file data-v2.txt (compact mmCIF, C-alpha atoms)
# COMPACT_ATOMS: atom_id res chain seq x y z
CA MET A 1 96.22 81.36 129.29
CA ASP A 2 96.39 84.82 127.75
CA ILE A 3 99.80 86.42 127.34
CA ALA A 4 98.65 89.51 129.27
CA GLY A 5 98.54 87.42 132.46
CA VAL A 6 102.07 86.10 132.07
CA LYS A 7 104.75 87.57 134.31
CA ASP A 8 107.60 89.36 132.53
CA TYR A 9 110.31 87.00 133.79
CA GLU A 10 108.33 83.92 132.64
CA LEU A 11 107.82 85.45 129.20
CA GLU A 12 111.47 86.47 129.02
CA LYS A 13 112.60 82.93 129.89
CA TYR A 14 110.31 81.41 127.28
CA ILE A 15 111.53 83.80 124.57
CA THR A 16 115.15 83.16 125.61
CA ASP A 17 114.63 79.41 125.12
CA ILE A 18 113.25 80.00 121.62
CA MET A 19 116.08 82.36 120.69
CA LEU A 20 118.75 79.94 121.89
CA ASP A 21 117.04 77.14 119.96
CA ILE A 22 117.19 79.12 116.72
CA GLY A 23 120.81 80.06 117.30
CA VAL A 24 120.86 83.70 118.37
CA PRO A 25 124.19 84.08 120.24
CA ALA A 26 123.67 85.49 123.74
CA HIS A 27 126.87 87.55 123.66
CA LEU A 28 125.56 89.93 120.99
CA LYS A 29 123.90 93.22 121.95
CA GLY A 30 121.23 92.45 119.37
CA TYR A 31 120.26 89.37 121.40
CA HIS A 32 119.04 91.54 124.27
CA TYR A 33 117.40 94.08 121.98
CA LEU A 34 115.70 91.30 120.03
CA ARG A 35 114.36 89.62 123.16
CA ASP A 36 112.95 92.93 124.38
CA ALA A 37 111.41 93.66 120.96
CA ILE A 38 109.77 90.22 120.89
CA MET A 39 108.37 90.74 124.40
CA LEU A 40 106.93 94.12 123.44
CA THR A 41 105.46 92.71 120.23
CA GLY A 42 104.05 89.67 122.02
CA ARG A 43 102.15 91.92 124.38
CA ASP A 44 101.01 94.30 121.61
CA MET A 45 101.25 93.11 117.98
CA GLU A 46 100.57 96.67 116.74
CA VAL A 47 104.13 97.79 117.51
CA VAL A 48 105.55 95.54 114.79
CA THR A 49 103.55 97.43 112.14
CA SER A 50 105.72 100.47 112.86
CA VAL A 51 109.15 99.24 113.87
CA THR A 52 110.99 102.46 113.07
CA LYS A 53 108.48 104.77 114.78
CA LEU A 54 107.49 102.65 117.81
CA LEU A 55 109.49 99.48 118.39
CA TYR A 56 113.12 100.57 117.90
CA PRO A 57 112.72 103.86 119.81
CA THR A 58 111.07 102.02 122.73
CA VAL A 59 113.83 99.42 122.91
CA ALA A 60 116.50 102.12 122.49
CA LYS A 61 115.08 104.13 125.37
CA ARG A 62 115.13 101.07 127.66
CA PHE A 63 118.77 100.36 126.81
CA LYS A 64 119.85 104.02 126.66
CA THR A 65 121.03 103.88 123.05
CA THR A 66 119.81 105.04 119.64
CA ASP A 67 117.15 103.39 117.49
CA GLN A 68 119.69 103.08 114.62
CA LYS A 69 122.02 101.06 116.85
CA VAL A 70 119.09 98.88 117.96
CA GLU A 71 118.06 98.20 114.34
CA ARG A 72 121.63 97.36 113.27
CA ALA A 73 122.29 95.12 116.28
CA ILE A 74 119.01 93.23 115.76
CA ARG A 75 119.77 92.82 112.03
CA ASN A 76 123.22 91.43 112.90
CA ALA A 77 121.81 88.99 115.49
CA ILE A 78 119.24 87.75 112.97
CA GLU A 79 121.90 87.37 110.27
CA VAL A 80 124.16 85.37 112.60
CA SER A 81 121.32 83.11 113.73
CA TRP A 82 120.15 82.64 110.13
CA ASN A 83 123.59 81.47 109.01
CA ARG A 84 124.53 79.43 112.10
CA GLY A 85 121.18 78.32 113.51
CA ASN A 86 119.35 75.03 113.17
CA PRO A 87 117.79 74.87 109.66
CA ASP A 88 115.11 72.45 110.88
CA THR A 89 113.93 74.95 113.49
CA PHE A 90 113.80 77.70 110.88
CA GLU A 91 111.86 75.44 108.49
CA GLU A 92 109.36 74.71 111.26
CA MET A 93 108.99 78.32 112.39
CA PHE A 94 109.30 80.28 109.13
CA GLY A 95 108.60 77.67 106.46
CA TYR A 96 112.06 78.14 104.96
CA SER A 97 115.70 78.34 106.00
CA ALA A 98 119.15 79.32 104.75
CA ALA A 99 119.60 75.67 103.72
CA SER A 100 116.75 76.04 101.21
CA GLY A 101 118.58 78.97 99.61
CA LYS A 102 116.20 81.68 100.81
CA THR A 103 117.37 85.02 102.13
CA ARG A 104 116.85 85.76 105.79
CA PRO A 105 113.57 87.28 106.98
CA THR A 106 113.46 91.01 107.64
CA ASN A 107 113.75 92.26 111.21
CA SER A 108 110.01 92.87 111.44
CA GLU A 109 109.13 89.46 109.91
CA TYR A 110 111.48 87.71 112.32
CA ILE A 111 110.17 89.58 115.37
CA ALA A 112 106.52 89.19 114.35
CA ARG A 113 106.84 85.46 113.67
CA ILE A 114 108.48 84.66 116.99
CA ALA A 115 106.07 86.94 118.90
CA ASP A 116 103.15 85.23 117.18
CA LYS A 117 104.52 81.81 118.13
CA VAL A 118 104.85 82.93 121.76
CA ARG A 119 101.28 84.28 121.81
CA LEU A 120 99.88 81.10 120.26
CA ASP A 121 101.87 78.86 122.61
CA TYR A 122 100.54 80.70 125.65
CA LYS A 123 96.97 80.57 124.35
CA ALA A 124 97.33 76.80 123.98
CA MET A 125 98.38 76.39 127.63
call {"tool": "encode", "arguments": {"input": "data-v2.txt", "output": "structure tokens"}}
result
Amino acid sequence: MDIAGVKDYELEKYITDIMLDIGVPAHLKGYHYLRDAIMLTGRDMEVVTSVTKLLYPTVAKRFKTTDQKVERAIRNAIEVSWNRGNPDTFEEMFGYSAASGKTRPTNSEYIARIADKVRLDYKAM
């Protein structure tokens, strides 16, 4: 099944399950921004090549905030998940984790990797 044919709520639920598995706390604003950014990227991988010009402004407009606040909130959510999340899940998804002494992935790496996983999982269905 191609991701283009997936309903938004199904995609959102699937991404939510992944985010909870890797330890992104749902009470953070960045959680919602990150989920939206992953959905946008999953549908169009080109947006992740220009996060500051396309992705953050699009998410900011949807949530009626600024792109700087979106970037900071996403960075914080990633940092929290990186330090508190399941190292085994990070090893599986990214090939490394905080437990291996590596620094966290950048916002765009994190978003792109999860979006790519979602796209590949839906193609395999």
call {"tool": "closest_residue", "arguments": {"input": "data-v2.txt", "among": "A:Ile78, A:Ala98, A:Met39, A:Met45", "to": "Leu20 (chain A)", "atoms": "all atoms listed in the file"}}
result
A:Ile78
call {"tool": "closest_residue", "arguments": {"input": "data-v2.txt", "among": "A:Gly95, A:Gly42, A:Gly30, A:Gly23", "to": "Asn76 (chain A)", "atoms": "only C-alpha atoms"}}
result
A:Gly30
call {"tool": "residues_near_point", "arguments": {"input": "data-v2.txt", "point": "(120.0, 80.1, 117.9)", "cutoff": "9 Å", "atoms": "all atoms listed in the file", "output": "ChimeraX atom specification"}}
result
/A:18-26,80-82,84-86
call {"tool": "atom_distance", "arguments": {"input": "data-v2.txt", "atom1": "CA of Ala115 (chain A)", "atom2": "CA of Ile38 (chain A)"}}
result
5.3 Å
call {"tool": "residues_near_point", "arguments": {"input": "data-v2.txt", "point": "(106.7, 101.4, 119.3)", "cutoff": "12 Å", "atoms": "only C-alpha atoms", "output": "PyMOL selection string"}}
result
chain A and resi 36-41+43-62+67
call {"tool": "closest_residue", "arguments": {"input": "data-v2.txt", "among": "A:Glu71, A:Glu92, A:Asp121, A:Asp116", "to": "Tyr31 (chain A)", "atoms": "all atoms listed in the file"}}
result
A:Glu71
call {"tool": "atom_distance", "arguments": {"input": "data-v2.txt", "atom1": "CA of Leu11 (chain A)", "atom2": "CA of Arg113 (chain A)"}}
result
15.6 Å
call {"tool": "closest_residue", "arguments": {"input": "data-v2.txt", "among": "A:His27, A:Arg35, A:Lys64, A:Lys69", "to": "Val118 (chain A)", "atoms": "only C-alpha atoms"}}
result
A:Arg35
call {"tool": "axis_aligned_box", "arguments": {"input": "data-v2.txt", "around": "region 97-107 of chain A", "padding_each_side": "3 Å", "output": "JSON"}}
result
{"center_x": 116.5, "center_y": 84.0, "center_z": 105.4, "size_x": 12.1, "size_y": 22.6, "size_z": 17.6}
call {"tool": "atom_distance", "arguments": {"input": "data-v2.txt", "atom1": "CA of Pro87 (chain A)", "atom2": "CA of Ala99 (chain A)"}}
result
6.3 Å
call {"tool": "closest_residue", "arguments": {"input": "data-v2.txt", "among": "A:Leu28, A:Ile74, A:Ala124, A:Met93", "to": "Asn107 (chain A)", "atoms": "only C-alpha atoms"}}
result
A:Ile74
call {"tool": "closest_residue", "arguments": {"input": "data-v2.txt", "among": "A:Lys102, A:Met125, A:Tyr33, A:Glu12", "to": "Thr65 (chain A)", "atoms": "all atoms listed in the file"}}
result
A:Tyr33
call {"tool": "decode", "arguments": {"input": "data-v2.txt", "residues": "region 56-104 of chain A", "atoms": "C-alpha atoms", "output": "PDB file, in the first residue's frame"}}
result
ATOM      1  CA  TYR A  56       8.904  24.546  10.119  1.00  0.00           C
ATOM      2  CA  PRO A  57       6.841  27.363   8.546  1.00  0.00           C
ATOM      3  CA  THR A  58       4.166  24.855   7.436  1.00  0.00           C
ATOM      4  CA  VAL A  59       3.918  23.304  10.899  1.00  0.00           C
ATOM      5  CA  ALA A  60       3.979  26.755  12.525  1.00  0.00           C
ATOM      6  CA  LYS A  61       1.104  27.942  10.361  1.00  0.00           C
ATOM      7  CA  ARG A  62      -0.999  24.899  11.308  1.00  0.00           C
ATOM      8  CA  PHE A  63      -0.404  25.493  15.017  1.00  0.00           C
ATOM      9  CA  LYS A  64      -0.553  29.306  14.816  1.00  0.00           C
ATOM     10  CA  THR A  65       2.955  29.855  16.175  1.00  0.00           C
ATOM     11  CA  THR A  66       6.386  30.819  14.830  1.00  0.00           C
ATOM     12  CA  ASP A  67       8.828  28.567  12.994  1.00  0.00           C
ATOM     13  CA  GLN A  68      11.497  29.343  15.649  1.00  0.00           C
ATOM     14  CA  LYS A  69       9.215  28.024  18.390  1.00  0.00           C
ATOM     15  CA  VAL A  70       8.469  24.922  16.305  1.00  0.00           C
ATOM     16  CA  GLU A  71      12.189  24.236  15.758  1.00  0.00           C
ATOM     17  CA  ARG A  72      13.024  24.706  19.458  1.00  0.00           C
ATOM     18  CA  ALA A  73      10.104  22.568  20.663  1.00  0.00           C
ATOM     19  CA  ILE A  74      10.984  19.756  18.234  1.00  0.00           C
ATOM     20  CA  ARG A  75      14.658  19.922  19.288  1.00  0.00           C
ATOM     21  CA  ASN A  76      13.605  19.682  22.955  1.00  0.00           C
ATOM     22  CA  ALA A  77      11.274  16.713  22.299  1.00  0.00           C
ATOM     23  CA  ILE A  78      14.061  14.902  20.432  1.00  0.00           C
ATOM     24  CA  GLU A  79      16.561  15.638  23.217  1.00  0.00           C
ATOM     25  CA  VAL A  80      14.178  14.309  25.879  1.00  0.00           C
ATOM     26  CA  SER A  81      13.407  11.153  23.896  1.00  0.00           C
ATOM     27  CA  TRP A  82      17.106  10.621  23.153  1.00  0.00           C
ATOM     28  CA  ASN A  83      18.021  10.740  26.843  1.00  0.00           C
ATOM     29  CA  ARG A  84      14.989   8.883  28.238  1.00  0.00           C
ATOM     30  CA  GLY A  85      13.910   6.628  25.376  1.00  0.00           C
ATOM     31  CA  ASN A  86      14.589   2.958  24.774  1.00  0.00           C
ATOM     32  CA  PRO A  87      18.208   2.574  23.555  1.00  0.00           C
ATOM     33  CA  ASP A  88      17.350  -0.689  21.767  1.00  0.00           C
ATOM     34  CA  THR A  89      14.695   1.065  19.687  1.00  0.00           C
ATOM     35  CA  PHE A  90      17.144   3.825  18.780  1.00  0.00           C
ATOM     36  CA  GLU A  91      19.807   1.252  17.844  1.00  0.00           C
ATOM     37  CA  GLU A  92      17.293  -0.483  15.580  1.00  0.00           C
ATOM     38  CA  MET A  93      15.984   2.704  13.967  1.00  0.00           C
ATOM     39  CA  PHE A  94      19.094   4.909  13.783  1.00  0.00           C
ATOM     40  CA  GLY A  95      21.959   2.441  14.146  1.00  0.00           C
ATOM     41  CA  TYR A  96      23.156   4.137  17.330  1.00  0.00           C
ATOM     42  CA  SER A  97      21.814   5.446  20.630  1.00  0.00           C
ATOM     43  CA  ALA A  98      22.735   7.601  23.618  1.00  0.00           C
ATOM     44  CA  ALA A  99      23.930   4.395  25.313  1.00  0.00           C
ATOM     45  CA  SER A 100      26.634   4.010  22.645  1.00  0.00           C
ATOM     46  CA  GLY A 101      27.910   7.501  23.481  1.00  0.00           C
ATOM     47  CA  LYS A 102      26.748   9.164  20.269  1.00  0.00           C
ATOM     48  CA  THR A 103      25.152  12.585  20.184  1.00  0.00           C
ATOM     49  CA  ARG A 104      21.512  12.819  19.248  1.00  0.00           C
TER      50      ARG A 104
END
